[in-house]
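A.B. asks: Once you've had a glance at the structure underneath, I'll fire off some questions.
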Number of protein chains: 2
Amino acid sequence: MARDVSFDRWLDEQHRRQRYDVRRTPLDTLPGWRFCRDTGDLVHSSGRFFSVSGLRATTGFGAEGQRPRSWTQPVIVQREVGLLGILLKEYRGEVHCLLQAKMEPGNLNGLQLSPTVQATRSNFTGVHRGRRVPYTEYFTGDRHGGRVLADSLQSEQGWWFLHKRNRNVVVMTDEDVPALDGFRWLSLRQVGELLRTDHLVNMDSRTVLSTLPRQLLAGPGGVSAPVREDDALHSFTEVLSVLADARFRYELVQEQLPLRKVLEDDTSPWQRTRDGIGRHDGRHFTVLGVSVEAEAREVARWSQPLLAPVAGLAGLLVQRVDGVPHVLLRARVEAGTLNVAEFGPTVQCSPRHLNGRGARRPEFLDTLLAPRAGRVLFDTEQSEEGGRFHHALTRNLIVELDEADEGAARDLPPDFCWVSVPQAQALLRHGNHLNVQARCLMTALTLATR
Amino acid sequence: MARDVSFDRWLDEQHRRQRYDVRRTPLDTLPGWRFCRDTGDLVHSSGRFFSVSGLRATTGFGAEGQRPRSWTQPVIVQREVGLLGILLKEYRGEVHCLLQAKMEPGNLNGLQLSPTVQATRSNFTGVHRGRRVPYTEYFTGDRHGGRVLADSLQSEQGWWFLHKRNRNVVVMTDEDVPALDGFRWLSLRQVGELLRTDHLVNMDSRTVLSTLPRQLLAGPGGVSAPVREDDALHSFTEVLSVLADARFRYELVQEQLPLRKVLEDDTSPWQRTRDGIGRHDGRHFTVLGVSVEAEAREVARWSQPLLAPVAGLAGLLVQRVDGVPHVLLRARVEAGTLNVAEFGPTVQCSPRHLNGRGARRPEFLDTLLAPRAGRVLFDTEQSEEGGRFHHALTRNLIVELDEADEGAARDLPPDFCWVSVPQAQALLRHGNHLNVQARCLMTALTLATR
């Protein structure tokens with residue numbers, strides 16, 4: 001399909017109209033924010049929004065049969081559950097969704113396509129003292145008569161957040177809903193096309209789109225072709241059992257600590273840097289501050305910390321078994337996971353793993369990077385959420401292996417499971433089953449590879 | 001069905017053979033346990049098993065539109081996920097389950113019927129230094145070739161535990177598995193009958209049985225008659241949405257506190273008593289100590305704290321809509337809930353609520369206690385888990401209202417939802433959707449009222 005020229009023109013126009021300025025500011029002097037005297041946590045003067053605190057995590061996951069490993073790290077604590085809502089409507093037989101071109105301070109490229117509504121509960125209650133968030137009426141109360149098609153609390157990055165979840169909602173309306181300035185109705189087919197552009201469809205949109213009901217996605221011959229849950233290699237209960245087993249075997253003890261304890265511990269690699277927080281070996285992430293001026297946001301001027309991670313790779317192996325597409329998921333424990341473990345993609349790693357050898361090399365990484373018998377379905381660099389993360393780049397890679405007979409899928413390492421696409425979609429109706437990396441890859445698979 | 005005489009004889013025999021002695025012991029002098037010097041938490045000298053700590057909870061639930069309410073209380077912290085497993089086998093066309101007559105120190109009547117395997121992970125790893133737990137081989141690894149029919153982490157009492165979950169597993173075997181001394185194969189029909197006896201089928205058995213797949217329960221004309229998920233008043237997504245909405249609207253902030261802070265706070269009703277912990281108004285629960293001698297347990301002699309709650313009522317309204325049985329569930333926030341809210345039964349309250357009036361009287365309580373148009377399906381007093389709770393008695397009440405047309409189910413108060421029985425069973429495949437009171441009532445409904 002040819003790229004929609006009018007979309008490109010509209011996006012250019014948005015780039016021109018939504019001027020903004022993001023400047024690095026040392027955390028020490030970040031307006032509205034302070035390091036709490038007692039705990040050393042980085043907090044907002046209102047006590048709301050989020051804080052950067054400390055975490056001690058202990059788990060048997062990744063400990064390779066040894067004693068559980070334990071570490072401390074900074075972590076973002078945001079107890080409030082936010083709402084990410086996408087409004088759908090059928091136009092001329094095609095389902096469309098209402099997205100907006102939105103600036104977030106951590107975005108590499110300023111604007112990305114975000115959900116119809118992307119708001120913390122503070123936005124609803126007006127703590128920001130900013131403009132009202134438009135279209136919220138379709139996601140609360142009687143939803144203006146709209147039908148809810150998906151509604152669940154989904155997790156966000158477990159290595160950076162403690163227990164963070166956002167409510168992911170999809171509502172179908174029959175009303176004529178005009179697109180306000182900055183918003184645009186796009187068909188699912190268009191969104192699928194746009195997903196193939198680096199850093200265009202933001203993380204919030206991708207996670208909400210992963211929860212779209214299967215009926216909306218079914219296309220002839222595509223990975224979403226209508227197949228039954230039963231046409232799978234394993235029963236749904238067996239899939240759930242792999243996750244339950246990981247949650248049982250890998251204890252995860254999480255203790256929120258004063259950030260001071262993490263930074264002042266001589267054995268910890270974490271420390272205050274000239275203008276932020278980081279590690280002497282440069283691994284994982286740093287925390288930095290930014291001051292923002294924006295013309296088209298609910299508040300025109302603000303400052304905030306951002307977490308700047310090293311780049312990541314999230315990779316998914318796909319294989320048809322008797323014609324039914326299956327994805328290879330892996331139950332993973334992350335430092336801030338709410339319920340011990342969730343299914344992640346086949347591979348989820350950072351650049352230092354790419355040079356790892358032997359036991360330190362992630363399983364299936366080589367198959368993903370150089371498939372001997374298969375083809376690359378999707379390979380795009382995407383951004384993590386620009387409201388919390390600075391230039392957080394993840395390569396999203398999907399490789400389809402040649403069709404397997406049933407035998408080929410046996411003998412997997414522990415925690416891995418071939419899950420049919422309909423089964424994965426059934427898991428996505430419930431929160432905390434697939435982590436955010438797996439959800440974003442499911443969106444790419446179901447919308448951008450058909 | 002006539003009560004099985006040979007079962008009664010077997011149970012009498014077990015009572016005679018499993019002699020035990022439980023003595024109240026002040027917490028101060030409880031062997032193996034101590035109040036931690038720093039925190040005042042009651043802990044085991046090994047640092048394992050569980051502890052009694054403090055909790056500050058803040059939530060908008062129950063605050064009736066006012067500011068969120070906040071309180072502190074003692075709470076049991078047991079991070080380890082335990083395993084509750086029931087082994088099934090078909091004999092002569094009927095599904096049987098392997099239960100054991102097991103003594104728990106908090107049981108009113110000593111022995112109750114517990115799952116095939118009821119073990120903490122410590123039992124598996126041998127921290128108890130006791131005898132090996134039998135039948136565990138059917139619940140780990142290749143399960144001796146058995147098929148897993150249900151496997152999920154389910155919550156336990158949110159008012160007494162912080163984030164407690166146990167893994168609930170059901171495995172079907174084709175092997176000939178002899179019942180060891182103290183164990184017995186019982187048909188699901190027999191278990192249904194035994195559920196109608198007060199304090200006989202223990203809480204762990206009831207929660208595991210709630211996760212039995214629907215196919216095993218379907219009986220002609222019964223509440224488990226085979227109906228499709230679609231034959232429901234609301235779509236499955238709408239049901240999930242009621243829960244997601246409660247999780248979004250009612251913030252739940254949980255802060256584990258040193259127990260000392262709860263007990264030494266002059267504004268708190270909680271205090272040390274002569275031999276335990278309690279409230280000056282006698283509400284909610286006390287914590288007491290017991291010393292146990294038992295002949296047929298993996299350890300012959302031990303001491304432990306128990307939480308002794310006031311009696312409770314858990315009530316479920318049932319109504320057929322176009323012939324399909326529906327249960328009235330309510331999304332509830334409890335102090336220790338892992339993910340803000342879960343569905344509880346229609347009514348869940350303690351005796352002081354029975355005298356409440358006006359806004360303090362639980363919704364639907366009057367309908368449950370004196371149905372004008374309906375009949376009582378189930379009314380039995382059950383015990384909560386005797387390994388942690390002392391004489392914890394809950395009246396389990398199920399009332400079926402006369403068949404409604406679709407209109408009758410509208411205009412419910414917030415957080416309530418009519419959920420078809422197949423939908424509730426679909427929710428039960430996943431953890432943390434139905435709380436333990438709702439699950440036990442579902443077991444009574446599906447096994448004991450057909």
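Order determines the names: the first chain of the structure tokens is A, the second B, and so forth; residues in each chain are numbered 1 upward, and ligands are numbered 1 upward as they are shown.
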Quick one: everything within 7 Å of Gln78 (chain A), counting only C-alpha atoms, minus sequence neighbours fewer than 5 positions away in the same chain. Send it as JSON, numbers by chain.

C.D. replies: {"A": [49, 50, 51, 164]}

A.B. asks: Give one line per residue of region 189-299 of chain B that approaches region 438-445 of chain B to at most 7 Å, naming the two atoms of the closest pair and their distance in Å to one decimal, counting only C-alpha atoms; sort by chain then ascending residue number and deliver it as a Markdown table.

C.D. replies:
```
| residue | atom | partner | partner_atom | distance |
| --- | --- | --- | --- | --- |
| B:Leu195 | CA | B:Ala444 | CA | 6.8 |
| B:Arg206 | CA | B:Cys440 | CA | 5.3 |
| B:Thr207 | CA | B:Cys440 | CA | 5.6 |
| B:Leu209 | CA | B:Thr443 | CA | 6.1 |
| B:Ser210 | CA | B:Thr443 | CA | 4.7 |
```

A.B. asks: One number please: CA of Asp204 (chain B) to CA of Glu104 (chain B), in Å, one decimal.

C.D. replies: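 Rounded to one decimal, the two atoms are 11.7 Å apart.
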
A.B. asks: Give as a list in words every residue of chain A that touches chain B within 8 Å, counting only C-alpha atoms.

C.D. replies: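 Residues of chain A within 8 Å of chain B, counting only C-alpha atoms: Arg79, Glu80, Val81, Gly82, Leu83, Val148, Leu149, Ala150, Asp151, Ser152, Leu153, Arg167, Thr237, Glu238, Leu240, Ser241, Ala244, Arg247, Phe248, Glu251, Val253, Leu338, Asn339, Arg429 and His430 of chain A.
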
A.B. asks: Could you check the closest approach to Arg19 (chain A) for each of A:Leu42, A:Ala246, A:Val376, A:Ala294 and tell me which residue wins, using only C-alpha atoms?

C.D. replies: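 The answer is A:Ala294, which sits nearest to Arg19 (chain A).
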
A.B. asks: Excluding Pro31 (chain B) and its own-chain neighbours fewer than 3 positions away, which residues fall within 10 Å of it when counting only C-alpha atoms? Please give them as a PyMOL selection string.

C.D. replies: chain B and resi 25-28+34+44-45+289-291+302-304

A.B. asks: Got a sec: who's within 8 Å of Leu313 (chain B), counting only C-alpha atoms, leaving out chain neighbours fewer than 5 positions off, as a list of chain:residue names?

C.D. replies: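 Using only C-alpha atoms, the neighbours found are B:Val347, B:Gln348, B:Cys349, B:Ser350, B:Pro351, B:Thr394, B:Arg395, B:Asn396, B:Leu397.
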
A.B. asks: Would you list the contacts of Glu64 (chain B) as a PDB file with all heavy atoms, in the first residue's frame, taking every protein, DNA or RNA residue within 12 Å and counting only C-alpha atoms, but skipping same-chain residues closer than 5 positions in sequence?

C.D. replies:
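Output (around-v3.pdb):
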```
ATOM      1  N   THR B  59      -6.890   4.017  50.637  1.00  0.00           N
ATOM      2  CA  THR B  59      -7.680   3.740  49.436  1.00  0.00           C
ATOM      3  C   THR B  59      -8.940   4.595  49.386  1.00  0.00           C
ATOM      4  O   THR B  59      -9.457   5.017  50.428  1.00  0.00           O
ATOM      5  CB  THR B  59      -8.076   2.249  49.374  1.00  0.00           C
ATOM      6  OG1 THR B  59      -8.885   2.032  48.204  1.00  0.00           O
ATOM      7  CG2 THR B  59      -8.882   1.808  50.592  1.00  0.00           C
ATOM      8  N   ARG B  69      -9.454   6.949  52.589  1.00  0.00           N
ATOM      9  CA  ARG B  69      -9.253   6.684  54.006  1.00  0.00           C
ATOM     10  C   ARG B  69      -7.971   5.882  54.185  1.00  0.00           C
ATOM     11  O   ARG B  69      -7.539   5.171  53.281  1.00  0.00           O
ATOM     12  CB  ARG B  69     -10.466   5.979  54.606  1.00  0.00           C
ATOM     13  CG  ARG B  69     -10.737   4.618  54.066  1.00  0.00           C
ATOM     14  CD  ARG B  69     -12.189   4.210  54.210  1.00  0.00           C
ATOM     15  NE  ARG B  69     -12.356   2.866  53.688  1.00  0.00           N
ATOM     16  CZ  ARG B  69     -12.278   1.757  54.425  1.00  0.00           C
ATOM     17  NH1 ARG B  69     -12.086   1.837  55.724  1.00  0.00           N
ATOM     18  NH2 ARG B  69     -12.410   0.571  53.868  1.00  0.00           N
ATOM     19  N   TYR B 250     -10.138   3.330  42.455  1.00  0.00           N
ATOM     20  CA  TYR B 250      -9.746   3.259  43.859  1.00  0.00           C
ATOM     21  C   TYR B 250      -8.261   3.049  43.949  1.00  0.00           C
ATOM     22  O   TYR B 250      -7.798   1.927  43.776  1.00  0.00           O
ATOM     23  CB  TYR B 250     -10.441   2.088  44.553  1.00  0.00           C
ATOM     24  CG  TYR B 250     -11.934   2.111  44.471  1.00  0.00           C
ATOM     25  CD1 TYR B 250     -12.632   1.048  43.900  1.00  0.00           C
ATOM     26  CD2 TYR B 250     -12.667   3.194  44.945  1.00  0.00           C
ATOM     27  CE1 TYR B 250     -14.011   1.059  43.827  1.00  0.00           C
ATOM     28  CE2 TYR B 250     -14.051   3.211  44.875  1.00  0.00           C
ATOM     29  CZ  TYR B 250     -14.710   2.142  44.317  1.00  0.00           C
ATOM     30  OH  TYR B 250     -16.066   2.149  44.242  1.00  0.00           O
ATOM     31  N   ALA B 359     -26.598   3.566  55.310  1.00  0.00           N
ATOM     32  CA  ALA B 359     -25.423   3.425  54.450  1.00  0.00           C
ATOM     33  C   ALA B 359     -24.428   2.422  55.033  1.00  0.00           C
ATOM     34  O   ALA B 359     -23.570   1.915  54.322  1.00  0.00           O
ATOM     35  CB  ALA B 359     -24.752   4.779  54.271  1.00  0.00           C
ATOM     36  N   ARG B 360     -24.516   2.123  56.324  1.00  0.00           N
ATOM     37  CA  ARG B 360     -23.568   1.194  56.931  1.00  0.00           C
ATOM     38  C   ARG B 360     -23.997  -0.258  56.749  1.00  0.00           C
ATOM     39  O   ARG B 360     -23.292  -1.165  57.174  1.00  0.00           O
ATOM     40  CB  ARG B 360     -23.406   1.498  58.423  1.00  0.00           C
ATOM     41  CG  ARG B 360     -22.967   2.930  58.710  1.00  0.00           C
ATOM     42  CD  ARG B 360     -22.496   3.069  60.123  1.00  0.00           C
ATOM     43  NE  ARG B 360     -21.238   2.353  60.306  1.00  0.00           N
ATOM     44  CZ  ARG B 360     -20.056   2.939  60.312  1.00  0.00           C
ATOM     45  NH1 ARG B 360     -19.964   4.222  60.181  1.00  0.00           N
ATOM     46  NH2 ARG B 360     -18.963   2.226  60.477  1.00  0.00           N
ATOM     47  N   PRO B 414     -22.464   0.844  42.057  1.00  0.00           N
ATOM     48  CA  PRO B 414     -21.145   0.723  41.430  1.00  0.00           C
ATOM     49  C   PRO B 414     -20.410  -0.518  41.934  1.00  0.00           C
ATOM     50  O   PRO B 414     -20.626  -0.954  43.069  1.00  0.00           O
ATOM     51  CB  PRO B 414     -20.395   1.982  41.909  1.00  0.00           C
ATOM     52  CG  PRO B 414     -21.428   2.910  42.423  1.00  0.00           C
ATOM     53  CD  PRO B 414     -22.624   2.100  42.787  1.00  0.00           C
TER      54      PRO B 414
END
```

A.B. asks: Any chance you could list, as a PyMOL selection string, the residues in region 183-253 of chain B that come up strand (DSSP E or B) when DSSP is run on the backbone?

C.D. replies: chain B and resi 183-187+201+252-253

A.B. asks: Mind checking which residues fall within 9 Å of region 93-96 of chain B, counting only C-alpha atoms, ignoring those fewer than 5 positions away in the same chain, and posting them as a list in words?

C.D. replies: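 My list of contacting residues is Leu87, Leu88, Trp185, Leu186, Ser187, Leu188, Arg189, Gln190, Val191 and Leu216 of chain B.
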
A.B. asks: So which bits of region 80-324 of chain B end up helix (DSSP H, G or I) when you DSSP the backbone, as a PyMOL selection string?

C.D. replies: chain B and resi 121-125+136-138+143-145+188-194+203-210+214-217+236-249+259-263

A.B. asks: Do you know which residues are at most 6 Å from Leu434 (chain A) counting only C-alpha atoms, after dropping those on the same chain fewer than 3 positions away, and could you put them as a PyMOL selection string?

C.D. replies: chain A and resi 342-344+438

A.B. asks: Enter the distance from CA of Thr346 (chain A) to CA of Val318 (chain A), in Å, rounded to one decimal.

C.D. replies: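 Interatomic distance, CA of Thr346 (chain A) to CA of Val318 (chain A): 9.3 Å.
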
A.B. asks: Of the candidates B:Glu334, B:Val262, B:Glu156, B:Glu385, which shows the shortest atom-to-atom distance to Met103 (chain B), using only C-alpha atoms?

C.D. replies: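 That would be B:Glu385, the residue with the smallest distance to Met103 (chain B).
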